[in-house]
Amino acid sequence: MAGSLAASAFFPGPGASPAASAKTSKNLAGELPDNLSVRGIVAKPNTPSGNMQVKAQAQALPKVNGTKVNLKNASPDKEEATPYTAPKTFYNQLPDWSMLLAAVTTIFLAAEKQWTLLDWKPKKPDMLVDTFGFGRIIQDGLVFRQNFLIRSYEIGADRTASIETLMNHLQETALNHVKTAGLLGDGFGATPEMSKRNLIWVVSKIQLLVEQYPSWGDMVQVDTWVAAAGKNGMRRDWHVRDYNSGRTILRATSVWVMMNKNTRRLSKMPDEVRAEIGPYFNGRSAITDEQSEKLAKPGSTSDGDTMKQFIRKGLTPRWGDLDVNQHVNNVKYIGWILESAPISILEKHELVSMTLDYRKECGRDSVLQSLTTVAGECVDSHADSTIQCDHLLQLESGADIVKAHTEWRPKRAHGEGNMGFFPAESA
């Protein structure tokens with residue numbers, strides 16, 4: 001019996017487990033066999049065949065800092081790499097510090113910009129309300145006001161804003177008035193009821209009085225409002241002032257009628273459209289009836305005066321001259337009218353009043369000519385009197401497009417009311 005126990009210690013049977021064999025050997029001899037490592041794992045026997053391999057399971061898991069860990073069997077030829085995962089801590093769960101710093105910086109800059117706007121309030125209260133120049137409705141919703149800064153590309157050779165620049169400001173405020181009031185439909189300034197009936201606005205007449213011209217960097221303030229003009233028309237007036245001094249720059253009035261966009265014929269004002277725009281009518285006038293009567297009508301130049309006529313042919317609209325209604329913008333006509341004005345008038349005089357009667361629309365393929373009739377010795381470069389001019393813009397086929405009358409005064413020197421800082425001779 002003792003012999004069988006000794007034999008089983010060195011030659012375990014097929015049913016005996018390696019751990020049991022190791023335990024029996026330790027109990028009998030008091031020490032581990034040679035084929036067991038210090039970890040309690042059976043080492044591979046040094047047999048050339050390699051058919052027998054004995055493994056033993058560890059009796060107890062080792063501890064590291066009081067925590068039990070598992071030790072995987074390592075192959076003598078290649079060791080497996082165990083990926084390391086950092087334990088979840090409060091620091092690891094914090095967001096990226098660079099992103100947090102960028103967010104704080106953005107919030108700080110936005111707050112600083114808002115504070116800057118609030119700091120302008122005592123100096124320019126209107127600019128705080130209309131910071132981006134979109135305009136606003138004032139006086140119980142009957143007047144629309146918008147500010148414009150005169151930019152460098154809007155001034156002419158005499159360093160003041162051109163008449164086309166001021167007219168563009170008038171047109172811009174008119175459209176923004178309709179938009180701000182919530183009356184803008186699908187058309188160019190047309191109301192929703194007008195859009196349903198394919199109706200658009202066309203200008204019939206414009207009168208304006210210019211008291212002074214702004215210069216580069218000046219801020220102008222434009223007020224506009226509407227009123228009834230007969231049964232089927234609408235009157236729109238403007239009053240342009242210098243923003244800082246409040247002095248009047250320009251006064252203008254106009255009459256608008258409706259035209260069918262498809263047939264290109266004038267149309268009566270529907271009752272639904274009148275109900276839309278009627279609440280915004282204002283009886284105030286920018287140009288009084290007395291002032292309007294003093295403005296000479298087109299073709300009123302006296303026949304007894306010395307007459308001189310100038311002509312400019314071959315004027316054609318460019319693609320940029322058309323508006324969304326597919327006809328030439330009414331401001332472009334002013335530039336064509338002045339094309340035939342003598343250069344001596346443009347150099348020594350400035351436009352003080354203008355009356356325009358629009359007779360026919362102008363399309364993309366039209367070819368026009370501009371005629372200017374001047375009363376008096378306009379070619380005299382030393383003329384210091386007021387000059388009257390009649391203008392006619394017509395198709396080369398003979399149809400009249402616009403008739404106009406202009407009045408010119410000598411350019412004012414520095415300090416005589418012109419807002420520029422340069423004498424007239426510097427032009």
# chains A, B, ... in the order shown; residues from 1 in each chain; ligands from 1
>>> closest_atom_pairs(of="stretch 160-219 of chain A", to="stretch 230-248 of chain A", cutoff="9 Å", atoms="only C-alpha atoms", output="CSV")
residue,atom,partner,partner_atom,distance
A:Leu166,CA,A:Val240,CA,8.8
A:Leu170,CA,A:Trp238,CA,6.9
A:Thr173,CA,A:Trp238,CA,8.9
A:Ala174,CA,A:Arg236,CA,8.0
A:Val210,CA,A:Thr248,CA,8.5
A:Glu211,CA,A:Thr248,CA,6.7
A:Gln212,CA,A:Thr248,CA,7.6
A:Pro214,CA,A:Asp242,CA,7.7
A:Asp218,CA,A:Asp242,CA,7.6
A:Met219,CA,A:Tyr243,CA,5.4
>>> write_last_selection(atoms="C-alpha atoms", output="PDB file, in the first residue's frame")
ATOM      1  CA  LEU A 166     -30.678 110.494 -52.767  1.00  0.00           C
ATOM      2  CA  LEU A 170     -36.196 107.430 -51.308  1.00  0.00           C
ATOM      3  CA  THR A 173     -37.432 103.635 -47.659  1.00  0.00           C
ATOM      4  CA  ALA A 174     -40.643 103.244 -49.672  1.00  0.00           C
ATOM      5  CA  VAL A 210     -33.118 120.067 -52.833  1.00  0.00           C
ATOM      6  CA  GLU A 211     -31.863 122.514 -50.217  1.00  0.00           C
ATOM      7  CA  GLN A 212     -28.387 121.079 -49.716  1.00  0.00           C
ATOM      8  CA  PRO A 214     -24.712 115.730 -47.944  1.00  0.00           C
ATOM      9  CA  ASP A 218     -22.726 112.273 -43.299  1.00  0.00           C
ATOM     10  CA  MET A 219     -25.736 110.512 -41.836  1.00  0.00           C
TER      11      MET A 219
END
>>> select_by_dssp(residues="stretch 166-341 of chain A", states="alpha helix (DSSP H)", output="ChimeraX atom specification")
/A:166-180,192-196,271-277,289-294,330-339
>>> residues_around(residues="stretch 196-205 of chain A", least_positions_apart="3", cutoff="7 Å", atoms="only C-alpha atoms", output="list in words")
Gly187, Ala190, Pro192, Glu193, Ser254, Val255, Trp256, Val257, Met258, Met259, Asn260, Lys261, Leu356, Asp357 and Tyr358 of chain A
>>> write_last_selection(atoms="N, CA and C atoms", output="compact mmCIF listing (two decimals), in the first residue's frame")
# COMPACT_ATOMS: atom_id res chain seq x y z
N GLY A 187 -44.91 90.74 -55.06
CA GLY A 187 -44.37 91.68 -56.03
C GLY A 187 -43.38 92.65 -55.41
N ALA A 190 -45.67 95.35 -53.88
CA ALA A 190 -47.10 95.08 -54.00
C ALA A 190 -47.64 94.45 -52.73
N PRO A 192 -50.47 91.99 -50.58
CA PRO A 192 -51.00 90.65 -50.88
C PRO A 192 -52.19 90.66 -51.83
N GLU A 193 -53.11 91.63 -51.65
CA GLU A 193 -54.26 91.69 -52.55
C GLU A 193 -53.85 92.08 -53.96
N SER A 254 -44.58 112.18 -54.76
CA SER A 254 -44.75 111.34 -55.94
C SER A 254 -46.17 110.80 -55.99
N VAL A 255 -46.61 110.43 -57.19
CA VAL A 255 -47.92 109.83 -57.42
C VAL A 255 -47.70 108.47 -58.07
N TRP A 256 -48.37 107.45 -57.52
CA TRP A 256 -48.22 106.08 -58.01
C TRP A 256 -49.59 105.54 -58.42
N VAL A 257 -49.59 104.77 -59.50
CA VAL A 257 -50.80 104.11 -60.00
C VAL A 257 -50.51 102.64 -60.18
N MET A 258 -51.57 101.88 -60.43
CA MET A 258 -51.44 100.43 -60.57
C MET A 258 -51.44 100.02 -62.03
N MET A 259 -50.66 98.98 -62.31
CA MET A 259 -50.59 98.43 -63.66
C MET A 259 -50.65 96.91 -63.57
N ASN A 260 -51.34 96.31 -64.51
CA ASN A 260 -51.40 94.85 -64.58
C ASN A 260 -50.07 94.32 -65.10
N LYS A 261 -49.51 93.40 -64.38
CA LYS A 261 -48.18 92.89 -64.72
C LYS A 261 -48.18 92.08 -66.01
N LEU A 356 -40.65 115.33 -62.79
CA LEU A 356 -40.60 114.26 -63.80
C LEU A 356 -42.00 113.72 -64.03
N ASP A 357 -42.39 113.64 -65.29
CA ASP A 357 -43.65 113.01 -65.70
C ASP A 357 -43.31 111.76 -66.50
N TYR A 358 -43.68 110.60 -65.95
CA TYR A 358 -43.40 109.33 -66.61
C TYR A 358 -44.57 108.99 -67.55
>>> closest_atom_pairs(of="stretch 364-409 of chain A", to="stretch 305-326 of chain A", cutoff="10 Å", atoms="only C-alpha atoms", output="Markdown table")
| residue | atom | partner | partner_atom | distance |
| --- | --- | --- | --- | --- |
| A:Arg364 | CA | A:Pro317 | CA | 5.7 |
| A:Asp365 | CA | A:Pro317 | CA | 7.2 |
| A:Ser366 | CA | A:Thr316 | CA | 6.1 |
| A:Val367 | CA | A:Thr316 | CA | 4.9 |
| A:Leu368 | CA | A:Leu315 | CA | 4.9 |
| A:Gln369 | CA | A:Lys313 | CA | 4.2 |
| A:Ser370 | CA | A:Arg312 | CA | 5.1 |
| A:Leu371 | CA | A:Ile311 | CA | 4.4 |
| A:Thr372 | CA | A:Phe310 | CA | 5.1 |
| A:Thr373 | CA | A:Gln309 | CA | 4.3 |
| A:Val374 | CA | A:Lys308 | CA | 5.2 |
| A:Ala375 | CA | A:Met307 | CA | 5.0 |
| A:Gly376 | CA | A:Thr306 | CA | 5.3 |
| A:Glu377 | CA | A:Thr306 | CA | 7.4 |
| A:Cys378 | CA | A:Lys308 | CA | 8.4 |
| A:Val379 | CA | A:Lys308 | CA | 9.4 |
| A:Cys389 | CA | A:Gln309 | CA | 9.5 |
| A:Asp390 | CA | A:Gln309 | CA | 9.3 |
| A:His391 | CA | A:Phe310 | CA | 9.5 |
| A:Leu392 | CA | A:Ile311 | CA | 9.5 |
| A:Leu393 | CA | A:Arg312 | CA | 9.7 |
| A:Gln394 | CA | A:Lys313 | CA | 9.9 |
| A:Leu395 | CA | A:Leu315 | CA | 9.2 |
| A:Glu396 | CA | A:Lys313 | CA | 8.0 |
>>> atom_distance(atom1="atom CA of A:Val402", atom2="atom CA of A:Leu338")
12.3 Å
>>> residues_around(residues="A:Pro270", least_positions_apart="2", cutoff="9 Å", atoms="only C-alpha atoms", output="MDAnalysis selection string")
chainID A and resid 193:194 232 267:268 272:275
>>> residues_around(residues="A:Ile287", least_positions_apart="4", cutoff="10 Å", atoms="only C-alpha atoms", output="PDB file with C-alpha atoms, in the first residue's frame")
ATOM      1  CA  GLN A 207     -41.384 116.402 -57.696  1.00  0.00           C
ATOM      2  CA  LEU A 208     -38.431 117.227 -55.490  1.00  0.00           C
ATOM      3  CA  LEU A 209     -36.769 120.247 -53.894  1.00  0.00           C
ATOM      4  CA  ASP A 237     -43.906 111.857 -49.726  1.00  0.00           C
ATOM      5  CA  TRP A 238     -40.403 112.045 -48.285  1.00  0.00           C
ATOM      6  CA  HIS A 239     -38.559 114.435 -45.993  1.00  0.00           C
ATOM      7  CA  ARG A 251     -38.345 117.216 -49.886  1.00  0.00           C
ATOM      8  CA  ALA A 252     -40.115 115.060 -52.436  1.00  0.00           C
ATOM      9  CA  THR A 253     -43.596 113.942 -53.422  1.00  0.00           C
ATOM     10  CA  GLN A 291     -44.418 125.191 -53.614  1.00  0.00           C
ATOM     11  CA  SER A 292     -45.704 122.714 -56.185  1.00  0.00           C
ATOM     12  CA  GLU A 293     -47.223 125.485 -58.285  1.00  0.00           C
TER      13      GLU A 293
END
>>> closest_residue(among="A:Thr191, A:Gln221, A:Gln171, A:Ser98", to="A:Phe148", atoms="only C-alpha atoms")
A:Gln221
>>> select_by_dssp(residues="stretch 200-367 of chain A", states="strand (DSSP E or B)", output="PyMOL selection string")
chain A and resi 200-210+215+219-229+233-242+248-260+266-267+281+307-315+322+328+349-358
>>> decode(residues="stretch 389-404 of chain A", atoms="all heavy atoms", output="PDB file, in the first residue's frame")
ATOM      1  N   CYS A 389     -34.054 124.188 -67.391  1.00  0.00           N
ATOM      2  CA  CYS A 389     -33.844 123.204 -68.459  1.00  0.00           C
ATOM      3  C   CYS A 389     -35.094 122.337 -68.617  1.00  0.00           C
ATOM      4  O   CYS A 389     -35.736 121.963 -67.621  1.00  0.00           O
ATOM      5  CB  CYS A 389     -32.650 122.299 -68.156  1.00  0.00           C
ATOM      6  SG  CYS A 389     -31.060 123.132 -68.043  1.00  0.00           S
ATOM      7  N   ASP A 390     -35.412 122.041 -69.858  1.00  0.00           N
ATOM      8  CA  ASP A 390     -36.436 121.054 -70.182  1.00  0.00           C
ATOM      9  C   ASP A 390     -35.754 119.813 -70.744  1.00  0.00           C
ATOM     10  O   ASP A 390     -34.797 119.923 -71.527  1.00  0.00           O
ATOM     11  CB  ASP A 390     -37.428 121.602 -71.207  1.00  0.00           C
ATOM     12  CG  ASP A 390     -38.469 122.504 -70.566  1.00  0.00           C
ATOM     13  OD1 ASP A 390     -38.762 122.288 -69.380  1.00  0.00           O
ATOM     14  OD2 ASP A 390     -38.972 123.431 -71.241  1.00  0.00           O
ATOM     15  N   HIS A 391     -36.258 118.664 -70.336  1.00  0.00           N
ATOM     16  CA  HIS A 391     -35.642 117.405 -70.748  1.00  0.00           C
ATOM     17  C   HIS A 391     -36.705 116.501 -71.351  1.00  0.00           C
ATOM     18  O   HIS A 391     -37.869 116.497 -70.923  1.00  0.00           O
ATOM     19  CB  HIS A 391     -34.987 116.697 -69.557  1.00  0.00           C
ATOM     20  CG  HIS A 391     -34.023 117.553 -68.793  1.00  0.00           C
ATOM     21  ND1 HIS A 391     -32.675 117.614 -69.082  1.00  0.00           N
ATOM     22  CD2 HIS A 391     -34.224 118.385 -67.728  1.00  0.00           C
ATOM     23  CE1 HIS A 391     -32.080 118.442 -68.233  1.00  0.00           C
ATOM     24  NE2 HIS A 391     -33.000 118.919 -67.411  1.00  0.00           N
ATOM     25  N   LEU A 392     -36.278 115.715 -72.310  1.00  0.00           N
ATOM     26  CA  LEU A 392     -37.161 114.735 -72.932  1.00  0.00           C
ATOM     27  C   LEU A 392     -36.352 113.464 -73.174  1.00  0.00           C
ATOM     28  O   LEU A 392     -35.320 113.478 -73.843  1.00  0.00           O
ATOM     29  CB  LEU A 392     -37.722 115.265 -74.256  1.00  0.00           C
ATOM     30  CG  LEU A 392     -38.600 114.293 -75.051  1.00  0.00           C
ATOM     31  CD1 LEU A 392     -39.825 113.888 -74.239  1.00  0.00           C
ATOM     32  CD2 LEU A 392     -38.995 114.890 -76.391  1.00  0.00           C
ATOM     33  N   LEU A 393     -36.864 112.378 -72.630  1.00  0.00           N
ATOM     34  CA  LEU A 393     -36.270 111.059 -72.854  1.00  0.00           C
ATOM     35  C   LEU A 393     -37.264 110.264 -73.673  1.00  0.00           C
ATOM     36  O   LEU A 393     -38.405 110.036 -73.229  1.00  0.00           O
ATOM     37  CB  LEU A 393     -35.981 110.362 -71.518  1.00  0.00           C
ATOM     38  CG  LEU A 393     -35.234 109.037 -71.591  1.00  0.00           C
ATOM     39  CD1 LEU A 393     -33.818 109.242 -72.112  1.00  0.00           C
ATOM     40  CD2 LEU A 393     -35.191 108.370 -70.214  1.00  0.00           C
ATOM     41  N   GLN A 394     -36.878 109.848 -74.844  1.00  0.00           N
ATOM     42  CA  GLN A 394     -37.795 109.167 -75.746  1.00  0.00           C
ATOM     43  C   GLN A 394     -37.085 108.040 -76.471  1.00  0.00           C
ATOM     44  O   GLN A 394     -35.854 108.002 -76.555  1.00  0.00           O
ATOM     45  CB  GLN A 394     -38.383 110.149 -76.760  1.00  0.00           C
ATOM     46  CG  GLN A 394     -37.353 110.828 -77.643  1.00  0.00           C
ATOM     47  CD  GLN A 394     -37.951 111.832 -78.608  1.00  0.00           C
ATOM     48  OE1 GLN A 394     -37.269 112.370 -79.467  1.00  0.00           O
ATOM     49  NE2 GLN A 394     -39.247 112.099 -78.492  1.00  0.00           N
ATOM     50  N   LEU A 395     -37.898 107.146 -76.998  1.00  0.00           N
ATOM     51  CA  LEU A 395     -37.372 106.096 -77.851  1.00  0.00           C
ATOM     52  C   LEU A 395     -36.932 106.704 -79.172  1.00  0.00           C
ATOM     53  O   LEU A 395     -37.463 107.722 -79.616  1.00  0.00           O
ATOM     54  CB  LEU A 395     -38.428 105.018 -78.094  1.00  0.00           C
ATOM     55  CG  LEU A 395     -38.949 104.257 -76.868  1.00  0.00           C
ATOM     56  CD1 LEU A 395     -40.073 103.318 -77.287  1.00  0.00           C
ATOM     57  CD2 LEU A 395     -37.835 103.492 -76.184  1.00  0.00           C
ATOM     58  N   GLU A 396     -35.970 106.078 -79.800  1.00  0.00           N
ATOM     59  CA  GLU A 396     -35.528 106.589 -81.100  1.00  0.00           C
ATOM     60  C   GLU A 396     -36.627 106.476 -82.158  1.00  0.00           C
ATOM     61  O   GLU A 396     -36.573 107.159 -83.187  1.00  0.00           O
ATOM     62  CB  GLU A 396     -34.260 105.851 -81.553  1.00  0.00           C
ATOM     63  CG  GLU A 396     -33.040 106.220 -80.727  1.00  0.00           C
ATOM     64  CD  GLU A 396     -31.754 105.696 -81.335  1.00  0.00           C
ATOM     65  OE1 GLU A 396     -31.840 104.839 -82.249  1.00  0.00           O
ATOM     66  OE2 GLU A 396     -30.679 106.149 -80.917  1.00  0.00           O
ATOM     67  N   SER A 397     -37.626 105.658 -81.871  1.00  0.00           N
ATOM     68  CA  SER A 397     -38.784 105.567 -82.773  1.00  0.00           C
ATOM     69  C   SER A 397     -39.728 106.746 -82.601  1.00  0.00           C
ATOM     70  O   SER A 397     -40.621 106.937 -83.435  1.00  0.00           O
ATOM     71  CB  SER A 397     -39.534 104.259 -82.529  1.00  0.00           C
ATOM     72  OG  SER A 397     -39.994 104.189 -81.189  1.00  0.00           O
ATOM     73  N   GLY A 398     -39.594 107.506 -81.501  1.00  0.00           N
ATOM     74  CA  GLY A 398     -40.383 108.708 -81.315  1.00  0.00           C
ATOM     75  C   GLY A 398     -41.277 108.718 -80.099  1.00  0.00           C
ATOM     76  O   GLY A 398     -41.760 109.786 -79.694  1.00  0.00           O
ATOM     77  N   ALA A 399     -41.553 107.601 -79.444  1.00  0.00           N
ATOM     78  CA  ALA A 399     -42.441 107.560 -78.282  1.00  0.00           C
ATOM     79  C   ALA A 399     -41.750 108.169 -77.071  1.00  0.00           C
ATOM     80  O   ALA A 399     -40.583 107.887 -76.779  1.00  0.00           O
ATOM     81  CB  ALA A 399     -42.855 106.120 -77.997  1.00  0.00           C
ATOM     82  N   ASP A 400     -42.512 109.032 -76.351  1.00  0.00           N
ATOM     83  CA  ASP A 400     -41.963 109.688 -75.169  1.00  0.00           C
ATOM     84  C   ASP A 400     -41.950 108.732 -73.977  1.00  0.00           C
ATOM     85  O   ASP A 400     -42.939 108.031 -73.715  1.00  0.00           O
ATOM     86  CB  ASP A 400     -42.788 110.926 -74.815  1.00  0.00           C
ATOM     87  CG  ASP A 400     -42.695 112.016 -75.878  1.00  0.00           C
ATOM     88  OD1 ASP A 400     -41.772 111.930 -76.710  1.00  0.00           O
ATOM     89  OD2 ASP A 400     -43.547 112.935 -75.864  1.00  0.00           O
ATOM     90  N   ILE A 401     -40.836 108.733 -73.255  1.00  0.00           N
ATOM     91  CA  ILE A 401     -40.706 107.923 -72.046  1.00  0.00           C
ATOM     92  C   ILE A 401     -40.878 108.798 -70.803  1.00  0.00           C
ATOM     93  O   ILE A 401     -41.714 108.524 -69.943  1.00  0.00           O
ATOM     94  CB  ILE A 401     -39.345 107.207 -72.006  1.00  0.00           C
ATOM     95  CG1 ILE A 401     -39.190 106.306 -73.238  1.00  0.00           C
ATOM     96  CG2 ILE A 401     -39.214 106.384 -70.730  1.00  0.00           C
ATOM     97  CD1 ILE A 401     -40.174 105.176 -73.301  1.00  0.00           C
ATOM     98  N   VAL A 402     -40.100 109.858 -70.685  1.00  0.00           N
ATOM     99  CA  VAL A 402     -40.157 110.758 -69.533  1.00  0.00           C
ATOM    100  C   VAL A 402     -39.990 112.190 -70.027  1.00  0.00           C
ATOM    101  O   VAL A 402     -39.132 112.470 -70.884  1.00  0.00           O
ATOM    102  CB  VAL A 402     -39.047 110.435 -68.498  1.00  0.00           C
ATOM    103  CG1 VAL A 402     -39.114 111.417 -67.331  1.00  0.00           C
ATOM    104  CG2 VAL A 402     -39.161 109.010 -68.000  1.00  0.00           C
ATOM    105  N   LYS A 403     -40.794 113.089 -69.472  1.00  0.00           N
ATOM    106  CA  LYS A 403     -40.601 114.527 -69.644  1.00  0.00           C
ATOM    107  C   LYS A 403     -40.213 115.101 -68.287  1.00  0.00           C
ATOM    108  O   LYS A 403     -40.784 114.713 -67.265  1.00  0.00           O
ATOM    109  CB  LYS A 403     -41.870 115.195 -70.163  1.00  0.00           C
ATOM    110  CG  LYS A 403     -42.163 114.914 -71.628  1.00  0.00           C
ATOM    111  CD  LYS A 403     -43.351 115.735 -72.115  1.00  0.00           C
ATOM    112  CE  LYS A 403     -43.576 115.529 -73.603  1.00  0.00           C
ATOM    113  NZ  LYS A 403     -44.709 116.354 -74.117  1.00  0.00           N
ATOM    114  N   ALA A 404     -39.270 116.028 -68.301  1.00  0.00           N
ATOM    115  CA  ALA A 404     -38.775 116.557 -67.033  1.00  0.00           C
ATOM    116  C   ALA A 404     -38.420 118.030 -67.179  1.00  0.00           C
ATOM    117  O   ALA A 404     -38.149 118.517 -68.286  1.00  0.00           O
ATOM    118  CB  ALA A 404     -37.555 115.769 -66.556  1.00  0.00           C
TER     119      ALA A 404
END
